Amino acid sequence: MNHQMPETNDSMGQPAAGDHPEIVARLQQARTQLKQEIGRVVIGQEKVIDSLLIAMLCRGHALMIGVPGLGKTLIARSLAKMLDMQYSRIQFTPDLMPSDITGSDIIEEDPETGRRQLEFFRGPLFTNFLLADEINRAPPKTQAALLQAMQEREISVGRETYHLPPPFFVVATQNPVEQEGTYPLPEAQLDRFMFNIPVVYPSKQEEVEIVKATTGDADVQLQSILSLDEVLQLQSLVRGVPVANHVIQYAVDLVDASRPTSQAPASKGTASELHRYIRYGASPRASQCLVLGGKARAILLGRYHVDFEDIRAVAAPVMRHRLALNFQARTENITVDHVITQLVKTVPTPS
């Protein structure tokens with residue numbers, strides 16, 4: 001099993017957040033500006049926007065799930081414009097082939113010499129910000145091509161391997177599997193996404209504002225907030241955020257408590273009662289994502305260290321697609337979010 005993810009420990013050569021307060025202040029300022037700017041076209045959905053920012057800062061990828069018409073595509077497209085990143089959008093359809101997204105070798109003929117040679121034409125995967133729209137409408141082979149690129153940051157065509165440009169950030173949208181004509185992603189492929197972000201219906205007041213903003217003739221032009229170089233600098237800075245051993249231990253305890261086979265003291269009591277609903281728990285990749293997400297959240301809030309609350313705040317988007325519930329959970333209407341909420345309440349913080 002491959003649990004390859006960026007390191008959670010402070011890496012040698014990574015800038016320490018405490019040594020660069022001006023960069024942290026710049027990120028806080030950018031977060032405020034991003035929310036103000038995106039609020040001109042997206043009403044509400046602040047938690048979704050924050051989760052996307054955290055995933056991007058961690059060099060992870062995000063999956064947004066919701067019924068059509070909730071603004072998933074609009075959120076991703078607007079965020080890409082404000083981050084000043086090269087942006088591509090792929091509309092996934094049942095007839096989309098892997099070569100349609102990776103690119104392919106094409107025979108080119110030199111008009112002067114008449115000599116023919118293979119030349120690689122790059123597909124839309126060669127970008128910084130990729131919106132994979134309705135990923136669950138594409139056949140499994142095409143889904144696998146995208147998910148391999150997400151994991152390896154490279155693609156192979158024929159005998160050649162091509163590296164994708166950094167940063168490479170994928171935001172995929174997915175309609176619920178109950179929608180007709182979809183190919184649900186297997187659990188092993190879902191695990192490639194750092195965050196699983198639900199996009200829910202707006203409140204009545206938000207919907208009133210949406211209707212007012214979208215039924216006129218106003219053309220809103222979003223401004224760039226962060227440059228590509230700043231994004232790369234912030235991604236490196238997140239790696240330098242220190243994490244105390246007991247905070248890492250808490251993240252591991254939380255993930256371990258999700259596994260029915262766990263015998264750890266942290267999984268006794270209410271947590272062990274939840275095991276009767278869980279088919280299998282989260283992998284070590286979830287522990288890595290909890291710590292990385294905690295680092296990014298701490299920096300976004302202007303802190304130079306990770307607290308227990310940072311781990312709790314990212315627990316749901318990190319774990320909701322990494323837990324598989326059994327038939328008993330379905331018969332009792334137990335949801336994954338309910339299980340995660342109870343785990344967070346139950347698992348104690350290390351002393």
# chains A, B, ... in the order shown; residues from 1 in each chain; ligands from 1
call {"tool": "residues_around", "arguments": {"residues": "region 26-42 of chain A", "least_positions_apart": "3", "cutoff": "10 Å", "atoms": "only C-alpha atoms", "output": "number ranges by chain"}}
result
A: 21-23, 45-46, 49-50, 53, 70-72, 74-75, 78-79, 81-83, 206, 209-210, 213-214, 219-226, 230-231, 234, 299-302
call {"tool": "write_last_selection", "arguments": {"atoms": "C-alpha atoms", "output": "CSV table (one decimal), in the first residue's frame"}}
result
chain,number,residue,atom,x,y,z
A,21,PRO,CA,6.1,37.1,10.0
A,22,GLU,CA,5.8,39.3,7.0
A,23,ILE,CA,4.8,36.3,4.8
A,45,GLN,CA,-19.9,29.0,1.0
A,46,GLU,CA,-17.1,30.5,3.2
A,49,ILE,CA,-13.4,28.5,0.2
A,50,ASP,CA,-11.3,28.1,3.3
A,53,LEU,CA,-7.2,27.4,0.3
A,70,LEU,CA,-24.8,25.0,-6.3
A,71,GLY,CA,-21.9,26.9,-7.8
A,72,LYS,CA,-19.1,24.4,-7.5
A,74,LEU,CA,-18.0,29.0,-10.2
A,75,ILE,CA,-16.1,28.8,-6.9
A,78,SER,CA,-13.2,32.3,-9.4
A,79,LEU,CA,-10.5,31.1,-7.0
A,81,LYS,CA,-8.5,33.8,-11.3
A,82,MET,CA,-7.6,35.4,-8.0
A,83,LEU,CA,-4.6,33.2,-7.5
A,206,GLU,CA,-28.3,33.8,0.6
A,209,GLU,CA,-28.8,37.5,-2.8
A,210,ILE,CA,-27.8,35.0,-5.4
A,213,ALA,CA,-26.7,39.2,-8.3
A,214,THR,CA,-27.2,36.8,-11.2
A,219,ASP,CA,-20.2,41.9,-15.4
A,220,VAL,CA,-17.9,41.3,-12.4
A,221,GLN,CA,-14.2,41.2,-13.1
A,222,LEU,CA,-12.2,39.5,-10.3
A,223,GLN,CA,-8.8,40.9,-9.4
A,224,SER,CA,-5.6,38.8,-8.8
A,225,ILE,CA,-4.7,38.6,-5.2
A,226,LEU,CA,-1.7,36.1,-5.0
A,230,GLU,CA,3.7,33.8,-3.7
A,231,VAL,CA,1.7,30.6,-3.8
A,234,LEU,CA,3.4,30.0,1.0
A,299,ILE,CA,-0.9,29.9,9.4
A,300,LEU,CA,-4.2,31.2,7.9
A,301,LEU,CA,-5.2,32.3,11.4
A,302,GLY,CA,-1.8,34.0,12.0
call {"tool": "residues_around", "arguments": {"residues": "Val67 (chain A)", "least_positions_apart": "3", "cutoff": "9 Å", "atoms": "only C-alpha atoms", "output": "NGL selection string"}}
result
:A and (70 or 174-176 or 179 or 199-201)
call {"tool": "write_last_selection", "arguments": {"atoms": "C-alpha atoms", "output": "PDB file, in the first residue's frame"}}
result
ATOM      1  CA  LEU A  70     -24.793  25.023  -6.279  1.00  0.00           C
ATOM      2  CA  GLN A 174     -18.766  15.422  -8.299  1.00  0.00           C
ATOM      3  CA  ASN A 175     -22.490  14.950  -8.354  1.00  0.00           C
ATOM      4  CA  PRO A 176     -23.897  12.549  -5.761  1.00  0.00           C
ATOM      5  CA  GLN A 179     -27.537  11.031  -9.979  1.00  0.00           C
ATOM      6  CA  VAL A 199     -21.314  21.993  -1.086  1.00  0.00           C
ATOM      7  CA  VAL A 200     -24.726  22.448   0.501  1.00  0.00           C
ATOM      8  CA  TYR A 201     -27.813  24.459  -0.352  1.00  0.00           C
TER       9      TYR A 201
END
call {"tool": "select_by_dssp", "arguments": {"residues": "region 53-219 of chain A", "states": "strand (DSSP E or B)", "output": "PyMOL selection string"}}
result
chain A and resi 62-65+87-91+103-109+116-122+129-133+154-157+160-163+169-174+195-198
call {"tool": "write_last_selection", "arguments": {"atoms": "N, CA and C atoms", "output": "CSV table (one decimal), in the first residue's frame"}}
result
chain,number,residue,atom,x,y,z
A,62,ALA,N,-8.6,18.7,-3.9
A,62,ALA,CA,-9.8,18.8,-3.2
A,62,ALA,C,-10.9,18.2,-4.1
A,63,LEU,N,-11.9,17.6,-3.5
A,63,LEU,CA,-13.1,17.0,-4.2
A,63,LEU,C,-14.3,17.7,-3.6
A,64,MET,N,-15.1,18.4,-4.4
A,64,MET,CA,-16.3,19.1,-4.0
A,64,MET,C,-17.5,18.3,-4.5
A,65,ILE,N,-18.4,17.9,-3.5
A,65,ILE,CA,-19.5,17.1,-3.8
A,65,ILE,C,-20.8,17.9,-3.5
A,87,TYR,N,-4.9,28.2,-15.6
A,87,TYR,CA,-6.1,27.5,-15.3
A,87,TYR,C,-6.6,26.7,-16.5
A,88,SER,N,-7.0,25.5,-16.3
A,88,SER,CA,-7.7,24.6,-17.3
A,88,SER,C,-8.9,24.0,-16.7
A,89,ARG,N,-9.9,23.8,-17.5
A,89,ARG,CA,-11.1,23.1,-17.1
A,89,ARG,C,-11.3,21.9,-18.0
A,90,ILE,N,-11.6,20.8,-17.4
A,90,ILE,CA,-12.0,19.6,-18.2
A,90,ILE,C,-13.4,19.2,-17.8
A,91,GLN,N,-14.2,19.1,-18.8
A,91,GLN,CA,-15.6,18.6,-18.6
A,91,GLN,C,-15.6,17.1,-18.8
A,103,GLY,N,-2.7,14.3,-23.2
A,103,GLY,CA,-2.0,14.6,-24.4
A,103,GLY,C,-1.6,13.3,-25.1
A,104,SER,N,-1.0,13.5,-26.3
A,104,SER,CA,-0.7,12.3,-27.1
A,104,SER,C,0.4,12.6,-28.1
A,105,ASP,N,1.1,11.6,-28.6
A,105,ASP,CA,2.1,11.7,-29.6
A,105,ASP,C,1.4,11.8,-31.0
A,106,ILE,N,1.8,12.8,-31.7
A,106,ILE,CA,1.2,13.0,-33.1
A,106,ILE,C,2.3,13.0,-34.1
A,107,ILE,N,2.1,12.4,-35.2
A,107,ILE,CA,3.1,12.4,-36.3
A,107,ILE,C,3.1,13.7,-37.0
A,108,GLU,N,4.2,14.4,-37.0
A,108,GLU,CA,4.4,15.7,-37.6
A,108,GLU,C,5.3,15.5,-38.8
A,109,GLU,N,5.0,16.2,-39.9
A,109,GLU,CA,5.9,16.1,-41.1
A,109,GLU,C,6.5,17.4,-41.4
A,116,ARG,N,9.2,12.7,-41.2
A,116,ARG,CA,8.1,12.5,-40.2
A,116,ARG,C,8.7,12.2,-38.9
A,117,GLN,N,8.2,12.7,-37.8
A,117,GLN,CA,8.6,12.4,-36.5
A,117,GLN,C,7.4,12.6,-35.5
A,118,LEU,N,7.6,11.8,-34.4
A,118,LEU,CA,6.5,12.0,-33.4
A,118,LEU,C,6.8,13.2,-32.5
A,119,GLU,N,5.7,14.0,-32.3
A,119,GLU,CA,5.8,15.1,-31.4
A,119,GLU,C,4.7,15.1,-30.4
A,120,PHE,N,5.0,15.3,-29.2
A,120,PHE,CA,4.0,15.3,-28.1
A,120,PHE,C,3.3,16.6,-28.0
A,121,PHE,N,2.0,16.5,-28.0
A,121,PHE,CA,1.1,17.6,-27.8
A,121,PHE,C,0.5,17.5,-26.4
A,122,ARG,N,0.7,18.5,-25.6
A,122,ARG,CA,0.3,18.4,-24.2
A,122,ARG,C,-1.2,18.6,-24.1
A,129,PHE,N,-3.7,25.1,-12.1
A,129,PHE,CA,-5.0,24.9,-11.4
A,129,PHE,C,-5.9,24.2,-12.4
A,130,LEU,N,-6.3,23.0,-12.1
A,130,LEU,CA,-7.1,22.2,-12.9
A,130,LEU,C,-8.5,21.9,-12.3
A,131,LEU,N,-9.5,22.3,-13.0
A,131,LEU,CA,-10.9,22.0,-12.6
A,131,LEU,C,-11.4,20.8,-13.3
A,132,ALA,N,-11.5,19.7,-12.6
A,132,ALA,CA,-12.0,18.4,-13.2
A,132,ALA,C,-13.5,18.4,-12.9
A,133,ASP,N,-14.3,18.9,-13.9
A,133,ASP,CA,-15.7,19.1,-13.6
A,133,ASP,C,-16.5,17.8,-13.9
A,154,GLU,N,3.2,13.7,-12.5
A,154,GLU,CA,3.8,13.4,-13.8
A,154,GLU,C,2.9,12.4,-14.6
A,155,ILE,N,3.1,12.4,-15.9
A,155,ILE,CA,2.4,11.5,-16.7
A,155,ILE,C,3.3,10.8,-17.6
A,156,SER,N,3.0,9.6,-18.0
A,156,SER,CA,3.8,8.8,-19.0
A,156,SER,C,3.0,8.6,-20.2
A,157,VAL,N,3.6,8.9,-21.4
A,157,VAL,CA,3.0,8.7,-22.7
A,157,VAL,C,4.0,7.9,-23.5
A,160,GLU,N,8.0,8.0,-22.8
A,160,GLU,CA,8.5,9.3,-22.2
A,160,GLU,C,7.6,9.6,-20.9
A,161,THR,N,8.3,10.3,-20.0
A,161,THR,CA,7.6,10.8,-18.8
A,161,THR,C,7.7,12.3,-18.7
A,162,TYR,N,6.6,12.9,-18.5
A,162,TYR,CA,6.5,14.4,-18.5
A,162,TYR,C,6.1,14.9,-17.1
A,163,HIS,N,6.9,15.8,-16.6
A,163,HIS,CA,6.6,16.4,-15.2
A,163,HIS,C,5.6,17.5,-15.4
A,169,PHE,N,-2.5,21.9,-8.7
A,169,PHE,CA,-3.7,21.8,-7.8
A,169,PHE,C,-4.9,21.4,-8.6
A,170,VAL,N,-5.5,20.3,-8.1
A,170,VAL,CA,-6.7,19.8,-8.8
A,170,VAL,C,-7.9,20.0,-7.9
A,171,VAL,N,-8.9,20.6,-8.4
A,171,VAL,CA,-10.2,20.7,-7.8
A,171,VAL,C,-11.2,19.9,-8.6
A,172,ALA,N,-11.7,18.8,-8.1
A,172,ALA,CA,-12.7,18.0,-8.8
A,172,ALA,C,-14.1,18.2,-8.3
A,173,THR,N,-15.1,18.3,-9.1
A,173,THR,CA,-16.5,18.4,-8.7
A,173,THR,C,-17.1,17.0,-9.0
A,174,GLN,N,-18.1,16.7,-8.1
A,174,GLN,CA,-18.8,15.4,-8.3
A,174,GLN,C,-20.2,15.6,-7.9
A,195,PHE,N,-8.9,16.6,0.7
A,195,PHE,CA,-10.2,17.0,1.3
A,195,PHE,C,-11.4,16.6,0.5
A,196,ASN,N,-12.4,16.2,1.2
A,196,ASN,CA,-13.7,16.0,0.6
A,196,ASN,C,-14.6,17.0,1.2
A,197,ILE,N,-15.1,18.0,0.3
A,197,ILE,CA,-15.8,19.2,0.7
A,197,ILE,C,-17.2,19.1,0.2
A,198,PRO,N,-18.2,19.0,1.1
A,198,PRO,CA,-19.6,19.1,0.6
A,198,PRO,C,-20.0,20.5,0.3
call {"tool": "atom_distance", "arguments": {"atom1": "CA of Met194 (chain A)", "atom2": "CA of Leu237 (chain A)"}}
result
18.5 Å
call {"tool": "residues_around", "arguments": {"residues": "Val344 (chain A)", "least_positions_apart": "3", "cutoff": "12 Å", "atoms": "only C-alpha atoms", "output": "ChimeraX atom specification"}}
result
/A:250-251,253-258,266-267,270-271,274,308-316,319,337-341,347-349
call {"tool": "write_last_selection", "arguments": {"atoms": "N, CA and C atoms", "output": "PDB file, in the first residue's frame"}}
result
ATOM      1  N   TYR A 250      -2.123  13.202  18.839  1.00  0.00           N
ATOM      2  CA  TYR A 250      -3.584  13.336  18.837  1.00  0.00           C
ATOM      3  C   TYR A 250      -4.152  13.033  17.450  1.00  0.00           C
ATOM      4  N   ALA A 251      -3.493  13.522  16.409  1.00  0.00           N
ATOM      5  CA  ALA A 251      -3.953  13.254  15.043  1.00  0.00           C
ATOM      6  C   ALA A 251      -3.933  11.753  14.760  1.00  0.00           C
ATOM      7  N   ASP A 253      -4.033   9.333  17.044  1.00  0.00           N
ATOM      8  CA  ASP A 253      -5.059   8.702  17.883  1.00  0.00           C
ATOM      9  C   ASP A 253      -6.443   8.822  17.250  1.00  0.00           C
ATOM     10  N   LEU A 254      -6.718   9.985  16.675  1.00  0.00           N
ATOM     11  CA  LEU A 254      -8.021  10.213  16.063  1.00  0.00           C
ATOM     12  C   LEU A 254      -8.241   9.276  14.879  1.00  0.00           C
ATOM     13  N   VAL A 255      -7.214   9.122  14.052  1.00  0.00           N
ATOM     14  CA  VAL A 255      -7.320   8.221  12.902  1.00  0.00           C
ATOM     15  C   VAL A 255      -7.391   6.776  13.365  1.00  0.00           C
ATOM     16  N   ASP A 256      -6.565   6.428  14.339  1.00  0.00           N
ATOM     17  CA  ASP A 256      -6.557   5.053  14.835  1.00  0.00           C
ATOM     18  C   ASP A 256      -7.900   4.668  15.437  1.00  0.00           C
ATOM     19  N   ALA A 257      -8.563   5.629  16.072  1.00  0.00           N
ATOM     20  CA  ALA A 257      -9.857   5.344  16.693  1.00  0.00           C
ATOM     21  C   ALA A 257     -10.936   5.045  15.657  1.00  0.00           C
ATOM     22  N   SER A 258     -10.683   5.402  14.402  1.00  0.00           N
ATOM     23  CA  SER A 258     -11.675   5.134  13.352  1.00  0.00           C
ATOM     24  C   SER A 258     -11.604   3.701  12.841  1.00  0.00           C
ATOM     25  N   ALA A 266      -7.425   5.072  23.380  1.00  0.00           N
ATOM     26  CA  ALA A 266      -8.213   6.203  22.877  1.00  0.00           C
ATOM     27  C   ALA A 266      -9.484   5.762  22.187  1.00  0.00           C
ATOM     28  N   SER A 267      -9.555   4.487  21.806  1.00  0.00           N
ATOM     29  CA  SER A 267     -10.723   4.027  21.056  1.00  0.00           C
ATOM     30  C   SER A 267     -11.737   3.311  21.938  1.00  0.00           C
ATOM     31  N   THR A 270     -17.152   5.350  23.886  1.00  0.00           N
ATOM     32  CA  THR A 270     -18.046   5.700  22.790  1.00  0.00           C
ATOM     33  C   THR A 270     -17.430   5.397  21.438  1.00  0.00           C
ATOM     34  N   ALA A 271     -16.119   5.628  21.291  1.00  0.00           N
ATOM     35  CA  ALA A 271     -15.464   5.363  20.010  1.00  0.00           C
ATOM     36  C   ALA A 271     -15.589   3.901  19.625  1.00  0.00           C
ATOM     37  N   LEU A 274     -18.843   3.013  18.161  1.00  0.00           N
ATOM     38  CA  LEU A 274     -19.011   3.434  16.771  1.00  0.00           C
ATOM     39  C   LEU A 274     -18.451   2.404  15.789  1.00  0.00           C
ATOM     40  N   PHE A 308      -4.580  21.639  18.968  1.00  0.00           N
ATOM     41  CA  PHE A 308      -5.545  20.543  18.838  1.00  0.00           C
ATOM     42  C   PHE A 308      -6.763  20.982  18.016  1.00  0.00           C
ATOM     43  N   GLU A 309      -7.178  22.239  18.194  1.00  0.00           N
ATOM     44  CA  GLU A 309      -8.362  22.726  17.492  1.00  0.00           C
ATOM     45  C   GLU A 309      -8.156  22.742  15.983  1.00  0.00           C
ATOM     46  N   ASP A 310      -6.920  22.953  15.539  1.00  0.00           N
ATOM     47  CA  ASP A 310      -6.635  22.910  14.104  1.00  0.00           C
ATOM     48  C   ASP A 310      -6.872  21.505  13.558  1.00  0.00           C
ATOM     49  N   ILE A 311      -6.478  20.495  14.328  1.00  0.00           N
ATOM     50  CA  ILE A 311      -6.685  19.109  13.902  1.00  0.00           C
ATOM     51  C   ILE A 311      -8.171  18.791  13.855  1.00  0.00           C
ATOM     52  N   ARG A 312      -8.903  19.224  14.876  1.00  0.00           N
ATOM     53  CA  ARG A 312     -10.345  18.955  14.911  1.00  0.00           C
ATOM     54  C   ARG A 312     -11.054  19.643  13.745  1.00  0.00           C
ATOM     55  N   ALA A 313     -10.606  20.851  13.398  1.00  0.00           N
ATOM     56  CA  ALA A 313     -11.287  21.626  12.364  1.00  0.00           C
ATOM     57  C   ALA A 313     -11.196  20.976  10.987  1.00  0.00           C
ATOM     58  N   VAL A 314     -10.103  20.250  10.731  1.00  0.00           N
ATOM     59  CA  VAL A 314      -9.935  19.634   9.409  1.00  0.00           C
ATOM     60  C   VAL A 314     -10.281  18.149   9.426  1.00  0.00           C
ATOM     61  N   ALA A 315     -10.749  17.632  10.566  1.00  0.00           N
ATOM     62  CA  ALA A 315     -11.020  16.196  10.680  1.00  0.00           C
ATOM     63  C   ALA A 315     -12.093  15.743   9.697  1.00  0.00           C
ATOM     64  N   ALA A 316     -13.177  16.494   9.573  1.00  0.00           N
ATOM     65  CA  ALA A 316     -14.274  16.060   8.695  1.00  0.00           C
ATOM     66  C   ALA A 316     -13.865  16.023   7.224  1.00  0.00           C
ATOM     67  N   MET A 319     -11.381  13.049   6.686  1.00  0.00           N
ATOM     68  CA  MET A 319     -11.747  11.665   6.991  1.00  0.00           C
ATOM     69  C   MET A 319     -13.046  11.192   6.348  1.00  0.00           C
ATOM     70  N   ASP A 337     -20.374  11.749   8.601  1.00  0.00           N
ATOM     71  CA  ASP A 337     -20.130  12.964   9.383  1.00  0.00           C
ATOM     72  C   ASP A 337     -20.522  12.776  10.844  1.00  0.00           C
ATOM     73  N   HIS A 338     -21.595  12.002  11.098  1.00  0.00           N
ATOM     74  CA  HIS A 338     -21.980  11.725  12.479  1.00  0.00           C
ATOM     75  C   HIS A 338     -20.890  10.922  13.192  1.00  0.00           C
ATOM     76  N   VAL A 339     -20.350   9.919  12.517  1.00  0.00           N
ATOM     77  CA  VAL A 339     -19.291   9.099  13.115  1.00  0.00           C
ATOM     78  C   VAL A 339     -18.068   9.957  13.421  1.00  0.00           C
ATOM     79  N   ILE A 340     -17.670  10.823  12.487  1.00  0.00           N
ATOM     80  CA  ILE A 340     -16.487  11.669  12.698  1.00  0.00           C
ATOM     81  C   ILE A 340     -16.726  12.628  13.858  1.00  0.00           C
ATOM     82  N   THR A 341     -17.913  13.213  13.929  1.00  0.00           N
ATOM     83  CA  THR A 341     -18.231  14.131  15.030  1.00  0.00           C
ATOM     84  C   THR A 341     -18.110  13.437  16.379  1.00  0.00           C
ATOM     85  N   VAL A 347     -12.260  11.051  21.396  1.00  0.00           N
ATOM     86  CA  VAL A 347     -10.824  10.824  21.516  1.00  0.00           C
ATOM     87  C   VAL A 347     -10.206  11.916  22.379  1.00  0.00           C
ATOM     88  N   PRO A 348      -9.548  11.547  23.483  1.00  0.00           N
ATOM     89  CA  PRO A 348      -8.969  12.554  24.370  1.00  0.00           C
ATOM     90  C   PRO A 348      -7.686  13.157  23.814  1.00  0.00           C
ATOM     91  N   THR A 349      -7.382  14.368  24.250  1.00  0.00           N
ATOM     92  CA  THR A 349      -6.116  14.976  23.868  1.00  0.00           C
ATOM     93  C   THR A 349      -5.010  14.458  24.779  1.00  0.00           C
TER      94      THR A 349
END
call {"tool": "closest_residue", "arguments": {"among": "A:Cys58, A:Leu52, A:Leu228, A:Leu323", "to": "Gly240 (chain A)", "atoms": "only C-alpha atoms"}}
result
A:Cys58
call {"tool": "atom_distance", "arguments": {"atom1": "CA of Pro350 (chain A)", "atom2": "CA of Pro242 (chain A)"}}
result
17.4 Å
call {"tool": "residues_around", "arguments": {"residues": "Asn128 (chain A)", "least_positions_apart": "3", "cutoff": "7 Å", "atoms": "only C-alpha atoms", "output": "PyMOL selection string"}}
result
chain A and resi 85-87+165-169
call {"tool": "residues_around", "arguments": {"residues": "Thr142 (chain A)", "least_positions_apart": "4", "cutoff": "9 Å", "atoms": "only C-alpha atoms", "output": "list in words"}}
result
Phe92, Leu96, Met97, Pro98, Ser99, Asp100, Ile101, Ala138, Leu146 and Leu147 of chain A
call {"tool": "atom_distance", "arguments": {"atom1": "CA of Ser283 (chain A)", "atom2": "CA of Leu190 (chain A)"}}
result
12.0 Å
call {"tool": "select_by_dssp", "arguments": {"residues": "region 63-111 of chain A", "states": "alpha helix (DSSP H)", "output": "count of residues only"}}
result
16
call {"tool": "closest_residue", "arguments": {"among": "A:Arg297, A:Arg259, A:Arg115, A:Arg322", "to": "Val241 (chain A)", "atoms": "only C-alpha atoms"}}
result
A:Arg297
call {"tool": "closest_residue", "arguments": {"among": "A:Leu232, A:Ile334, A:Ala329, A:Gln288", "to": "Leu57 (chain A)", "atoms": "only C-alpha atoms"}}
result
A:Leu232
